[in-house]
>>> print(open('final-v1.cif').read())   # mmCIF, C-alpha atoms
data_start
#
loop_
_atom_site.label_atom_id
_atom_site.label_comp_id
_atom_site.auth_asym_id
_atom_site.auth_seq_id
_atom_site.Cartn_x
_atom_site.Cartn_y
_atom_site.Cartn_z
CA MET W 484 212.69 136.65 28.37
CA THR W 485 211.96 137.33 32.04
CA LEU W 486 214.84 137.66 34.46
CA ALA W 487 214.58 137.38 38.21
CA GLN W 488 215.08 140.65 40.04
CA GLY W 489 218.78 141.08 40.69
CA THR W 490 219.74 138.23 38.35
CA SER W 491 222.50 138.83 35.84
CA PRO W 492 222.37 136.88 32.59
CA HIS W 493 226.16 136.46 32.75
CA ARG W 494 226.69 134.80 36.13
CA ALA W 495 225.30 131.94 38.11
CA ASP W 496 223.41 133.14 41.16
CA THR W 497 223.26 131.19 44.40
CA HIS W 498 221.36 131.68 47.62
CA PRO W 499 223.22 133.94 50.07
CA ARG W 500 225.18 131.94 52.64
CA ALA W 501 224.93 128.82 50.46
CA PRO W 502 224.13 125.77 52.58
CA GLN W 503 226.62 122.96 53.09
CA ALA W 504 224.25 120.19 52.04
CA LEU W 505 222.20 120.64 48.87
CA ARG W 506 223.78 123.36 46.73
CA SER W 507 222.05 125.50 44.10
CA ALA W 508 222.93 127.79 41.22
CA GLN W 509 221.04 129.63 38.50
CA ILE W 510 221.91 131.14 35.12
CA ASP W 511 220.03 132.80 32.27
CA ALA W 512 219.19 130.34 29.48
CA ALA W 513 220.69 132.78 26.96
CA ASP W 514 224.11 132.80 28.61
CA PRO W 515 226.78 131.80 26.04
CA ASP W 516 228.36 129.25 28.42
CA PRO W 517 225.65 128.28 30.94
CA VAL W 518 227.09 124.96 32.11
CA HIS W 519 230.47 126.46 33.00
CA ALA W 520 228.69 129.21 34.95
CA LEU W 521 226.51 126.70 36.79
CA LYS W 522 229.50 124.53 37.66
CA ARG W 523 231.26 127.55 39.11
CA GLY W 524 228.11 128.49 41.03
CA LEU W 525 227.68 125.03 42.57
CA GLY W 526 231.25 125.06 43.88
CA PRO W 527 233.75 122.22 44.20
CA GLY W 528 232.62 118.62 43.85
CA PRO W 529 232.55 115.78 43.55
CA PHE W 530 228.80 115.43 43.26
CA ALA W 531 226.72 112.28 43.49
CA MET W 532 223.98 113.93 41.43
CA VAL W 533 223.30 117.21 39.66
CA THR W 534 219.75 118.08 38.60
CA LEU W 535 219.07 120.72 35.97
CA PHE W 536 215.71 122.42 35.50
CA VAL W 537 215.96 123.91 32.05
CA SER W 538 213.78 126.57 30.45
CA PRO W 539 212.27 125.39 27.15
CA ASP W 540 213.89 128.49 25.64
CA ALA W 541 217.32 126.87 26.12
CA ASP W 542 219.22 124.44 23.91
CA PHE W 543 218.38 121.35 25.96
CA ALA W 544 220.52 118.93 23.94
CA ARG W 545 223.63 121.09 24.18
CA ILE W 546 223.18 121.83 27.88
CA THR W 547 222.62 118.24 28.93
CA HIS W 548 225.54 116.98 26.84
CA GLU W 549 227.93 119.59 28.25
CA ALA W 550 226.70 119.05 31.80
CA HIS W 551 227.41 115.32 31.59
CA GLN W 552 230.99 116.17 30.63
CA ALA W 553 231.32 118.93 33.22
CA PHE W 554 230.36 116.76 36.21
CA PRO W 555 232.29 113.49 35.79
CA GLY W 556 231.13 110.69 38.04
CA ALA W 557 227.81 112.39 38.83
CA GLU W 558 224.35 111.37 37.76
CA VAL W 559 223.23 114.39 35.70
CA LEU W 560 219.44 114.47 35.45
CA ALA W 561 217.57 117.23 33.65
CA CYS W 562 214.12 118.20 32.46
CA THR W 563 212.40 121.01 30.63
CA THR W 564 210.08 123.19 32.67
CA ALA W 565 206.91 125.23 32.83
CA GLY W 566 208.88 127.96 34.60
CA GLU W 567 211.61 127.76 37.20
CA ILE W 568 211.99 128.47 40.92
CA GLY W 569 215.31 130.19 41.45
CA VAL W 570 217.14 132.42 43.90
CA THR W 571 214.42 135.07 43.83
CA GLY W 572 211.41 132.75 43.58
CA TYR W 573 209.39 132.48 40.37
CA VAL W 574 211.60 133.06 37.31
CA GLU W 575 211.45 132.23 33.61
CA GLY W 576 214.05 131.75 30.93
CA GLN W 577 216.51 130.32 33.43
CA ILE W 578 218.44 127.14 34.17
CA VAL W 579 218.37 126.15 37.84
CA ALA W 580 220.82 123.54 39.12
CA ALA W 581 220.89 121.54 42.34
CA GLY W 582 224.09 119.77 43.36
CA PHE W 583 224.17 116.79 45.74
CA PRO W 584 227.73 116.49 47.16
CA ALA W 585 229.06 112.93 47.13
CA ALA W 586 230.22 113.28 50.74
CA LEU W 587 226.60 113.60 51.87
CA PHE W 588 224.53 111.85 49.20
CA SER W 589 224.47 108.62 47.24
CA THR W 590 222.18 108.18 44.24
CA ARG W 591 221.05 105.52 41.80
CA THR W 592 218.85 106.16 38.76
CA VAL W 593 216.27 103.88 37.14
CA VAL W 594 215.43 104.86 33.55
CA PHE W 595 212.11 104.17 31.82
CA ASP W 596 212.77 105.07 28.20
CA GLU W 597 209.49 104.35 26.40
CA LEU W 598 206.40 104.96 28.49
CA SER W 599 204.01 103.94 25.73
CA ASP W 600 205.20 100.38 26.47
CA PHE W 601 205.23 100.80 30.27
CA ASP W 602 204.57 97.50 32.06
CA PRO W 603 203.95 97.99 35.81
CA GLN W 604 205.10 94.65 37.25
CA PRO W 605 208.55 94.45 35.61
CA SER W 606 209.00 98.12 36.48
CA ILE W 607 208.16 97.45 40.13
CA ASP W 608 210.69 94.61 40.14
CA ARG W 609 213.39 96.90 38.71
CA VAL W 610 212.76 99.49 41.41
CA ILE W 611 212.92 96.89 44.18
CA ARG W 612 216.24 95.55 42.88
CA ALA W 613 217.68 99.06 42.55
CA ARG W 614 216.57 100.00 46.04
CA VAL W 615 218.16 96.89 47.60
CA ALA W 616 221.41 97.40 45.70
CA HIS W 617 221.52 101.06 46.65
CA ALA W 618 221.10 100.26 50.35
CA GLU W 619 224.03 97.85 50.09
CA ASP W 620 226.15 100.49 48.32
CA ALA W 621 225.49 103.27 50.84
CA PRO W 622 224.71 101.67 54.23
CA ARG W 623 225.89 104.67 56.26
CA LYS W 624 223.62 107.19 54.53
CA LEU W 625 220.45 106.37 56.41
CA HIS W 626 217.94 108.95 55.24
CA GLU W 627 216.29 108.36 51.88
CA PHE W 628 213.76 109.55 49.35
CA ALA W 629 212.97 109.05 45.67
CA PHE W 630 212.60 111.79 43.06
CA LEU W 631 210.69 111.23 39.81
CA MET W 632 211.10 113.29 36.63
CA ILE W 633 208.62 112.32 33.91
CA ASP W 634 207.53 113.58 30.49
CA GLY W 635 204.52 115.76 31.21
CA MET W 636 203.01 115.02 27.78
CA SER W 637 203.16 111.24 28.20
CA LEU W 638 199.77 110.86 29.96
CA LYS W 639 201.43 108.09 31.98
CA GLU W 640 202.11 109.82 35.28
CA ASP W 641 199.30 108.12 37.22
CA GLU W 642 200.35 104.64 36.13
CA VAL W 643 204.07 105.27 36.65
CA ALA W 644 203.65 106.88 40.08
CA GLY W 645 201.56 103.95 41.27
CA ALA W 646 204.15 101.42 40.15
CA MET W 647 207.06 103.39 41.59
CA ALA W 648 205.39 103.70 44.97
CA ALA W 649 204.71 99.96 45.02
CA GLY W 650 208.37 99.20 44.37
CA LEU W 651 209.68 101.76 46.85
CA GLY W 652 207.73 100.51 49.85
CA PRO W 653 208.36 102.87 52.80
CA VAL W 654 210.68 105.20 50.85
CA PRO W 655 208.86 108.53 50.30
CA LEU W 656 208.41 109.50 46.65
CA PHE W 657 207.83 112.91 45.12
CA GLY W 658 208.27 114.25 41.63
CA GLY W 659 207.18 116.50 38.82
CA SER W 660 206.05 116.32 35.21
CA ALA W 661 208.44 118.04 32.81
CA GLY W 662 206.89 120.95 30.94
CA ASP W 663 207.17 123.13 27.86
CA GLY W 664 206.22 126.52 29.25
CA ALA W 665 202.64 127.27 28.25
CA ARG W 666 203.06 125.68 24.80
CA PHE W 667 202.30 122.02 25.69
CA GLY W 668 204.32 120.83 22.72
CA GLU W 669 207.26 118.73 23.86
CA ALA W 670 208.50 117.91 27.37
CA LEU W 671 211.91 116.27 27.77
CA VAL W 672 213.94 114.48 30.41
CA SER W 673 217.62 113.54 30.21
CA ARG W 674 220.11 111.37 32.04
CA ASN W 675 223.84 111.86 31.46
CA GLY W 676 223.27 113.59 28.14
CA VAL W 677 220.79 111.04 26.74
CA ILE W 678 217.40 112.64 26.03
CA TYR W 679 214.08 110.80 26.44
CA LYS W 680 210.97 112.28 24.80
CA ASN W 681 208.53 109.81 26.32
CA GLY W 682 210.45 108.69 29.37
CA ALA W 683 210.82 108.91 33.11
CA LEU W 684 213.77 109.00 35.50
CA LEU W 685 213.55 107.73 39.06
CA ALA W 686 216.39 108.93 41.28
CA LEU W 687 216.91 106.96 44.49
CA VAL W 688 218.67 109.19 47.00
CA ARG W 689 220.32 108.19 50.29
CA SER W 690 221.69 110.93 52.49
CA ALA W 691 223.59 111.82 55.63
CA CYS W 692 221.09 114.68 55.94
CA ARG W 693 217.63 114.31 57.42
CA VAL W 694 214.89 114.82 54.82
CA ARG W 695 211.16 115.46 54.80
CA VAL W 696 208.97 114.87 51.77
CA PHE W 697 205.78 116.95 51.71
CA SER W 698 202.95 118.23 49.55
CA LEU W 699 200.70 121.23 50.10
CA ASP W 700 197.85 123.02 48.36
CA HIS W 701 195.63 125.97 49.28
CA LEU W 702 192.30 124.65 48.01
CA GLN W 703 189.10 124.02 49.96
CA PRO W 704 186.25 121.86 48.59
CA THR W 705 182.86 123.52 48.24
CA ARG W 706 179.41 121.93 48.17
CA ARG W 707 179.10 122.30 44.39
CA ARG W 708 179.46 118.86 42.78
CA MET W 709 179.27 117.36 39.29
CA VAL W 710 179.44 113.85 37.86
CA VAL W 711 181.50 112.79 34.84
CA THR W 712 179.00 111.02 32.58
CA GLU W 713 181.09 110.55 29.41
CA ALA W 714 184.89 110.45 29.21
CA ASP W 715 187.93 109.08 27.41
CA PRO W 716 190.20 108.11 30.33
CA THR W 717 193.17 107.23 28.12
CA ALA W 718 193.31 110.75 26.69
CA ARG W 719 192.13 112.42 29.94
CA ILE W 720 189.18 113.98 28.10
CA VAL W 721 185.75 114.57 29.66
CA HIS W 722 183.02 114.92 27.04
CA GLN W 723 180.01 115.26 29.32
CA ILE W 724 179.35 116.38 32.90
CA ASN W 725 175.88 115.80 34.37
CA ALA W 726 174.90 114.49 30.87
CA GLU W 727 175.61 117.92 29.36
CA PRO W 728 178.57 119.14 27.26
CA ALA W 729 181.44 119.29 29.73
CA ALA W 730 182.67 122.87 29.27
CA GLN W 731 179.13 124.23 29.18
CA GLU W 732 178.14 122.44 32.40
CA TYR W 733 181.37 123.35 34.22
CA ALA W 734 180.78 127.00 33.32
CA ARG W 735 177.14 126.84 34.43
CA VAL W 736 178.00 125.40 37.84
CA LEU W 737 180.73 127.99 38.17
CA GLY W 738 178.44 130.82 37.06
CA HIS W 739 180.66 131.79 34.11
CA ASP W 740 180.15 132.28 30.38
CA PRO W 741 181.30 129.09 28.58
CA ALA W 742 182.80 131.22 25.81
CA HIS W 743 185.17 132.87 28.28
CA LEU W 744 186.79 129.84 29.92
CA THR W 745 190.57 130.37 30.02
CA PRO W 746 193.59 128.75 31.70
CA SER W 747 193.26 131.42 34.38
CA THR W 748 189.67 130.30 35.03
CA PHE W 749 190.79 126.70 35.47
CA ALA W 750 193.66 127.76 37.74
CA ALA W 751 191.34 129.79 39.95
CA HIS W 752 188.50 127.22 40.02
CA PRO W 753 189.88 123.67 39.96
CA VAL W 754 187.91 120.55 40.76
CA VAL W 755 188.85 117.86 43.27
CA VAL W 756 187.99 114.19 43.72
CA ARG W 757 187.88 112.31 47.00
CA LEU W 758 190.22 109.31 47.07
CA GLY W 759 191.45 107.45 50.12
CA GLY W 760 189.76 109.85 52.49
CA ARG W 761 191.42 112.94 50.98
CA HIS W 762 190.64 115.40 48.22
CA HIS W 763 192.99 115.46 45.24
CA VAL W 764 192.96 118.06 42.49
CA ARG W 765 191.97 117.06 38.97
CA ALA W 766 192.94 120.24 37.14
CA ILE W 767 191.56 121.22 33.75
CA ARG W 768 194.09 121.98 31.04
CA ARG W 769 191.94 123.36 28.21
CA VAL W 770 188.65 123.29 26.30
CA THR W 771 188.45 121.47 22.96
CA GLU W 772 186.61 122.77 19.92
CA ASP W 773 183.68 120.45 20.60
CA GLY W 774 183.30 121.70 24.19
CA SER W 775 185.04 118.83 25.95
CA LEU W 776 187.54 119.37 28.77
CA ILE W 777 191.09 118.00 28.75
CA PHE W 778 192.50 117.32 32.22
CA PHE W 779 196.05 117.18 33.58
CA SER W 780 195.40 113.98 35.58
CA ALA W 781 193.49 110.72 35.36
CA ILE W 782 189.76 111.09 34.93
CA ASP W 783 186.99 108.52 34.40
CA GLU W 784 183.26 108.15 34.02
CA GLY W 785 181.36 108.14 37.29
CA MET W 786 183.85 110.37 39.09
CA VAL W 787 182.29 112.97 41.33
CA LEU W 788 183.99 116.32 40.80
CA THR W 789 183.77 118.95 43.52
CA LEU W 790 184.52 122.58 42.81
CA ALA W 791 187.26 123.94 45.04
CA GLU W 792 187.92 127.51 46.10
CA PRO W 793 191.40 128.77 46.94
CA GLU W 794 192.61 130.38 50.11
CA ASN W 795 194.99 133.31 49.70
CA MET W 796 197.96 131.47 48.21
CA ALA W 797 200.67 133.64 49.75
CA THR W 798 199.14 133.57 53.22
CA HIS W 799 198.59 129.81 53.04
CA LEU W 800 202.13 129.12 51.80
CA GLN W 801 203.79 131.15 54.54
CA ARG W 802 201.58 129.70 57.28
CA THR W 803 202.07 126.11 56.13
CA LEU W 804 205.85 126.41 55.84
CA ASP W 805 206.00 127.99 59.29
CA GLU W 806 203.93 125.15 60.75
CA MET W 807 205.85 122.35 59.02
CA PHE W 808 209.25 123.70 59.98
CA ALA W 809 208.50 125.32 63.33
CA GLU W 810 211.11 123.25 65.17
CA GLU W 811 213.88 123.42 62.58
CA ARG W 812 214.29 125.13 59.25
CA PRO W 813 215.69 123.09 56.37
CA GLU W 814 218.82 124.26 54.59
CA THR W 815 217.18 123.88 51.17
CA ILE W 816 213.90 122.65 49.71
CA LEU W 817 213.81 121.03 46.27
CA ALA W 818 210.29 121.50 44.91
CA CYS W 819 207.93 120.79 42.04
CA ASP W 820 205.33 123.55 41.63
CA CYS W 821 202.27 123.20 39.39
CA ILE W 822 201.98 125.59 36.46
CA LEU W 823 198.45 126.37 37.66
CA ARG W 824 199.79 127.87 40.89
CA ARG W 825 202.00 130.19 38.87
CA LEU W 826 199.08 131.15 36.62
CA GLU W 827 196.88 131.84 39.63
CA ALA W 828 199.60 133.89 41.29
CA GLY W 829 199.93 136.03 38.17
CA GLU W 830 196.19 136.45 37.76
CA LYS W 831 195.81 137.60 41.38
CA GLN W 832 198.97 139.75 41.35
CA MET W 833 200.64 137.60 44.03
CA THR W 834 203.76 136.66 42.10
CA ARG W 835 206.06 139.01 44.00
CA ASP W 836 204.71 137.99 47.42
CA ILE W 837 204.98 134.28 46.68
CA SER W 838 208.43 134.70 45.18
CA GLN W 839 209.61 136.38 48.36
CA ILE W 840 208.29 133.46 50.43
CA LEU W 841 209.92 130.89 48.16
CA SER W 842 213.23 132.74 48.26
CA GLY W 843 213.10 133.20 52.03
CA ALA W 844 212.49 129.48 52.51
CA ARG W 845 215.35 128.62 50.12
CA ILE W 846 213.06 126.74 47.78
CA ILE W 847 214.43 125.88 44.34
CA GLY W 848 212.92 123.74 41.61
CA PHE W 849 210.68 123.93 38.58
CA GLY W 850 207.19 124.52 37.31
CA THR W 851 205.40 121.33 36.28
CA TYR W 852 202.47 119.91 34.35
CA GLY W 853 201.62 117.87 37.45
CA GLU W 854 203.21 116.52 40.62
CA GLN W 855 203.69 113.06 42.05
CA MET W 856 203.33 112.29 45.74
CA GLY W 857 203.59 108.66 46.72
CA ALA W 858 201.32 106.65 44.43
CA MET W 859 199.33 109.73 43.36
CA HIS W 860 199.66 112.05 40.38
CA VAL W 861 198.17 115.38 41.45
CA ASN W 862 197.85 119.00 40.33
CA HIS W 863 197.85 122.46 41.83
CA THR W 864 200.34 121.50 44.55
CA LEU W 865 203.79 122.47 45.75
CA THR W 866 205.49 119.14 46.36
CA GLY W 867 209.06 118.58 47.43
CA VAL W 868 211.76 117.43 49.81
CA ALA W 869 213.21 119.52 52.61
CA VAL W 870 216.88 118.81 53.25
CA PHE W 871 218.19 119.57 56.73
CA ALA W 872 221.74 119.99 58.01
CA PRO W 873 223.91 116.86 57.94
CA ASP W 874 223.94 114.60 60.98
CA PRO W 875 226.98 115.57 63.12
CA PRO W 876 229.75 112.93 63.12
CA GLY W 877 229.25 110.59 66.03
CA ASP W 878 225.72 111.84 66.65
CA PRO W 879 223.34 109.02 67.67
CA ALA W 880 221.12 109.98 64.75
CA SER W 881 223.88 109.03 62.34
CA THR W 882 223.69 105.41 63.43
CA ALA W 883 219.98 105.22 64.26
CA ALA W 884 217.23 103.97 62.01
CA PRO W 885 216.51 106.35 59.14
CA VAL W 886 213.88 109.03 59.67
CA ARG W 887 211.30 109.29 56.90
CA SER W 888 208.76 112.04 57.21
CA VAL W 889 205.95 112.41 54.70
CA ASP W 890 203.09 114.89 54.56
CA LEU W 891 200.39 113.52 52.27
CA PRO W 892 198.55 115.86 49.94
#
>>> encode(input="final-v1.cif", output="structure tokens")
Amino acid sequence: MTLAQGTSPHRADTHPRAPQALRSAQIDAADPDPVHALKRGLGPGPFAMVTLFVSPDADFARITHEAHQAFPGAEVLACTTAGEIGVTGYVEGQIVAAGFPAALFSTRTVVFDELSDFDPQPSIDRVIRARVAHAEDAPRKLHEFAFLMIDGMSLKEDEVAGAMAAGLGPVPLFGGSAGDGARFGEALVSRNGVIYKNGALLALVRSACRVRVFSLDHLQPTRRRMVVTEADPTARIVHQINAEPAAQEYARVLGHDPAHLTPSTFAAHPVVVRLGGRHHVRAIRRVTEDGSLIFFSAIDEGMVLTLAEPENMATHLQRTLDEMFAEERPETILACDCILRRLEAGEKQMTRDISQILSGARIIGFGTYGEQMGAMHVNHTLTGVAVFAPDPPGDPASTAAPVRSVDLP
């Protein structure tokens, strides 16, 4: 089990000078009483919502049940992870909690409990009704966003994200696919102690704090292109590229030995597709025994895949955060970070540098099997919401129209 530098397995760690708005705490998954420690770390409530990002090494059922009891009146949403982002940046074997104080936030959750039967139009209608009701419940909390947690093994993220965005209208949406470390066995989400193996949770959040939803990646398209010529879109499997076995052709274009394709290769050399005037990553998960490629996101025959090359991830992350928040730094950023970024960071020995940047920017969150940004399900991104200081009482901003800021991937 990997502990963050300076992290004790017997206490919940928080960021120094914990912010007033979104609170955070972290505890080792092996702690004998993790929920009590997290509650102490988050400080006094009441909370409108508590989110838990739980290592797959932990007892998810016990933790979510106890957390529901420990935070009465709060929406307690949880998911398993592909790694966590804690006080010191990238960590593993941890439970990271974010607390949304009821004085500053109002939340409403829409549950989708069986994604194999997901029907877009009724789901859109449910989201619209929930959004209208939430606005009536919290008219003075003018800033809003939506946060999606979804089973990362469901293969439904593209469809769900599209429907959620349609129902949300102008409300910015971001989210992450729950993970299972590097095992890809079982990814879970939970609301108030009830666990969903093939489900999704949409949290509607209204706030007295200004927010900014964003997505960033450090990848640049090259001129090397391929065409998907045989695929199974339902299973996200590509059998042939350029009318050749997919793994063999991908390796040829890359200049690699097909026998030596690994997750690190896919993390370092993703492919992108151009949709809506922008490039979006379609990351490869693994090679099958017959030489096909399984992807993390939607894929179909006729798609043109472009190889992408990464910038220095640490340099890009620091520069982009500095540019986005040049005028004002957020108090906390809640983020979903693709497992492929973590793999790439480890392969290129950048984990420490990136962790220092994440910690310095007060970014907390979890490693994912994919990220959602608006109507898109994407990979290889850091996607999240920046939460700024609360609007001062009597400030014109507290009675003005809500500010919604979105940076598209």
>>> residues_around(input="final-v1.cif", residues="stretch 692-695 of chain W", least_positions_apart="6", cutoff="6 Å", atoms="all atoms listed in the file", output="PyMOL selection string")
chain W and resi 626+868-874+888
>>> write_last_selection(input="final-v1.cif", atoms="C-alpha atoms", output="mmCIF file, in the frame of the given file")
data_model
loop_
_atom_site.group_PDB
_atom_site.id
_atom_site.type_symbol
_atom_site.label_atom_id
_atom_site.label_comp_id
_atom_site.auth_asym_id
_atom_site.auth_seq_id
_atom_site.Cartn_x
_atom_site.Cartn_y
_atom_site.Cartn_z
ATOM 1 C CA HIS W 626 217.940 108.950 55.240
ATOM 2 C CA VAL W 868 211.760 117.430 49.810
ATOM 3 C CA ALA W 869 213.210 119.520 52.610
ATOM 4 C CA VAL W 870 216.880 118.810 53.250
ATOM 5 C CA PHE W 871 218.190 119.570 56.730
ATOM 6 C CA ALA W 872 221.740 119.990 58.010
ATOM 7 C CA PRO W 873 223.910 116.860 57.940
ATOM 8 C CA ASP W 874 223.940 114.600 60.980
ATOM 9 C CA SER W 888 208.760 112.040 57.210
#
>>> closest_residue(input="final-v1.cif", among="W:Cys562, W:Ala686, W:Met796, W:Leu817", to="W:Asp836", atoms="all atoms listed in the file")
W:Met796
>>> resolve_selection(input="final-v1.cif", expression="the PyMOL selection byres ((chain W and resi 707) around 7)", output="compact mmCIF listing (two decimals) with C-alpha atoms, keeping the file's coordinate frame")
# COMPACT_ATOMS: atom_id res chain seq x y z
CA THR W 705 182.86 123.52 48.24
CA ARG W 706 179.41 121.93 48.17
CA ARG W 708 179.46 118.86 42.78
CA THR W 789 183.77 118.95 43.52
CA LEU W 790 184.52 122.58 42.81
>>> resolve_selection(input="final-v1.cif", expression="the PyMOL selection byres ((chain W and resi 569) around 7)", output="PyMOL selection string")
chain W and resi 509+567-568+570-574+579+847-848
>>> resolve_selection(input="final-v1.cif", expression="the PyMOL selection byres ((chain W and resi 542-559) around 10)", output="compact mmCIF listing (two decimals) with C-alpha atoms, keeping the file's coordinate frame")
# COMPACT_ATOMS: atom_id res chain seq x y z
CA ALA W 512 219.19 130.34 29.48
CA ALA W 513 220.69 132.78 26.96
CA ASP W 516 228.36 129.25 28.42
CA PRO W 517 225.65 128.28 30.94
CA VAL W 518 227.09 124.96 32.11
CA HIS W 519 230.47 126.46 33.00
CA LEU W 521 226.51 126.70 36.79
CA LYS W 522 229.50 124.53 37.66
CA GLY W 528 232.62 118.62 43.85
CA PRO W 529 232.55 115.78 43.55
CA PHE W 530 228.80 115.43 43.26
CA ALA W 531 226.72 112.28 43.49
CA MET W 532 223.98 113.93 41.43
CA VAL W 533 223.30 117.21 39.66
CA THR W 534 219.75 118.08 38.60
CA LEU W 535 219.07 120.72 35.97
CA PHE W 536 215.71 122.42 35.50
CA VAL W 537 215.96 123.91 32.05
CA SER W 538 213.78 126.57 30.45
CA PRO W 539 212.27 125.39 27.15
CA ASP W 540 213.89 128.49 25.64
CA ALA W 541 217.32 126.87 26.12
CA LEU W 560 219.44 114.47 35.45
CA ALA W 561 217.57 117.23 33.65
CA CYS W 562 214.12 118.20 32.46
CA THR W 563 212.40 121.01 30.63
CA ILE W 578 218.44 127.14 34.17
CA GLY W 582 224.09 119.77 43.36
CA PHE W 583 224.17 116.79 45.74
CA PRO W 584 227.73 116.49 47.16
CA ALA W 585 229.06 112.93 47.13
CA SER W 589 224.47 108.62 47.24
CA THR W 590 222.18 108.18 44.24
CA ARG W 591 221.05 105.52 41.80
CA THR W 592 218.85 106.16 38.76
CA LEU W 671 211.91 116.27 27.77
CA VAL W 672 213.94 114.48 30.41
CA SER W 673 217.62 113.54 30.21
CA ARG W 674 220.11 111.37 32.04
CA ASN W 675 223.84 111.86 31.46
CA GLY W 676 223.27 113.59 28.14
CA VAL W 677 220.79 111.04 26.74
CA ILE W 678 217.40 112.64 26.03
CA ALA W 686 216.39 108.93 41.28
>>> atom_distance(input="final-v1.cif", atom1="atom CA of W:Phe588", atom2="atom CA of W:Ala683")
21.3 Å
>>> closest_residue(input="final-v1.cif", among="W:Met786, W:Ala742, W:Val688, W:Ile846", to="W:Val721", atoms="all atoms listed in the file")
W:Met786
>>> closest_atom_pairs(input="final-v1.cif", of="stretch 668-716 of chain W", to="stretch 634-647 of chain W", cutoff="10 Å", atoms="only C-alpha atoms", output="CSV")
residue,atom,partner,partner_atom,distance
W:Gly668,CA,W:Met636,CA,7.8
W:Glu669,CA,W:Met636,CA,6.9
W:Ala670,CA,W:Asp634,CA,5.4
W:Leu671,CA,W:Asp634,CA,5.8
W:Val672,CA,W:Asp634,CA,6.5
W:Tyr679,CA,W:Asp634,CA,8.2
W:Lys680,CA,W:Asp634,CA,6.8
W:Asn681,CA,W:Asp634,CA,5.7
W:Gly682,CA,W:Asp634,CA,5.8
W:Ala683,CA,W:Asp634,CA,6.3
W:Leu684,CA,W:Asp634,CA,9.2
W:Leu685,CA,W:Met647,CA,8.2
W:Pro716,CA,W:Leu638,CA,10.0
>>> closest_residue(input="final-v1.cif", among="W:Asp740, W:Asp820, W:Glu619, W:Glu811", to="W:Gly566", atoms="all atoms listed in the file")
W:Asp820
>>> atom_distance(input="final-v1.cif", atom1="atom CA of W:Lys831", atom2="atom CA of W:Tyr733")
21.5 Å
>>> closest_residue(input="final-v1.cif", among="W:Gln839, W:Gln703, W:Gln832, W:Ser690", to="W:Phe628", atoms="all atoms listed in the file")
W:Ser690
>>> residues_around(input="final-v1.cif", residues="W:Gly785", least_positions_apart="4", cutoff="12 Å", atoms="all atoms listed in the file", output="PyMOL selection string")
chain W and resi 709-716+721+723-726+756
>>> write_last_selection(input="final-v1.cif", atoms="C-alpha atoms", output="CSV table (one decimal), in the coordinates of the input")
chain,number,residue,atom,x,y,z
W,709,MET,CA,179.3,117.4,39.3
W,710,VAL,CA,179.4,113.8,37.9
W,711,VAL,CA,181.5,112.8,34.8
W,712,THR,CA,179.0,111.0,32.6
W,713,GLU,CA,181.1,110.6,29.4
W,714,ALA,CA,184.9,110.4,29.2
W,715,ASP,CA,187.9,109.1,27.4
W,716,PRO,CA,190.2,108.1,30.3
W,721,VAL,CA,185.8,114.6,29.7
W,723,GLN,CA,180.0,115.3,29.3
W,724,ILE,CA,179.4,116.4,32.9
W,725,ASN,CA,175.9,115.8,34.4
W,726,ALA,CA,174.9,114.5,30.9
W,756,VAL,CA,188.0,114.2,43.7
>>> atom_distance(input="final-v1.cif", atom1="atom CA of W:Arg623", atom2="atom CA of W:Ala691")
7.5 Å
>>> closest_residue(input="final-v1.cif", among="W:Glu830, W:Ala809, W:Arg825, W:Ala565", to="W:Gly664", atoms="all atoms listed in the file")
W:Ala565
>>> closest_residue(input="final-v1.cif", among="W:Ser775, W:Thr564, W:Ser842, W:Ser780", to="W:Phe667", atoms="only C-alpha atoms")
W:Thr564
>>> closest_atom_pairs(input="final-v1.cif", of="stretch 795-867 of chain W", to="stretch 648-660 of chain W", cutoff="12 Å", atoms="only C-alpha atoms", output="CSV")
residue,atom,partner,partner_atom,distance
W:Leu817,CA,W:Gly658,CA,9.9
W:Ala818,CA,W:Gly658,CA,8.2
W:Cys819,CA,W:Gly659,CA,5.4
W:Asp820,CA,W:Gly659,CA,7.8
W:Cys821,CA,W:Gly659,CA,8.3
W:Ile822,CA,W:Ser660,CA,10.2
W:Gly848,CA,W:Gly659,CA,9.7
W:Phe849,CA,W:Gly659,CA,8.2
W:Gly850,CA,W:Gly659,CA,8.2
W:Thr851,CA,W:Ser660,CA,5.2
W:Tyr852,CA,W:Ser660,CA,5.1
W:Gly853,CA,W:Ser660,CA,5.2
W:Glu854,CA,W:Gly659,CA,4.4
W:Gln855,CA,W:Gly658,CA,4.8
W:Met856,CA,W:Phe657,CA,4.6
W:Gly857,CA,W:Leu656,CA,4.9
W:Ala858,CA,W:Ala648,CA,5.1
W:Met859,CA,W:Ala648,CA,8.7
W:His860,CA,W:Gly659,CA,8.9
W:Val861,CA,W:Gly659,CA,9.5
W:Asn862,CA,W:Gly659,CA,9.8
W:His863,CA,W:Gly659,CA,11.5
W:Thr864,CA,W:Gly659,CA,10.2
W:Leu865,CA,W:Gly659,CA,9.8
W:Thr866,CA,W:Phe657,CA,6.8
W:Gly867,CA,W:Phe657,CA,6.2
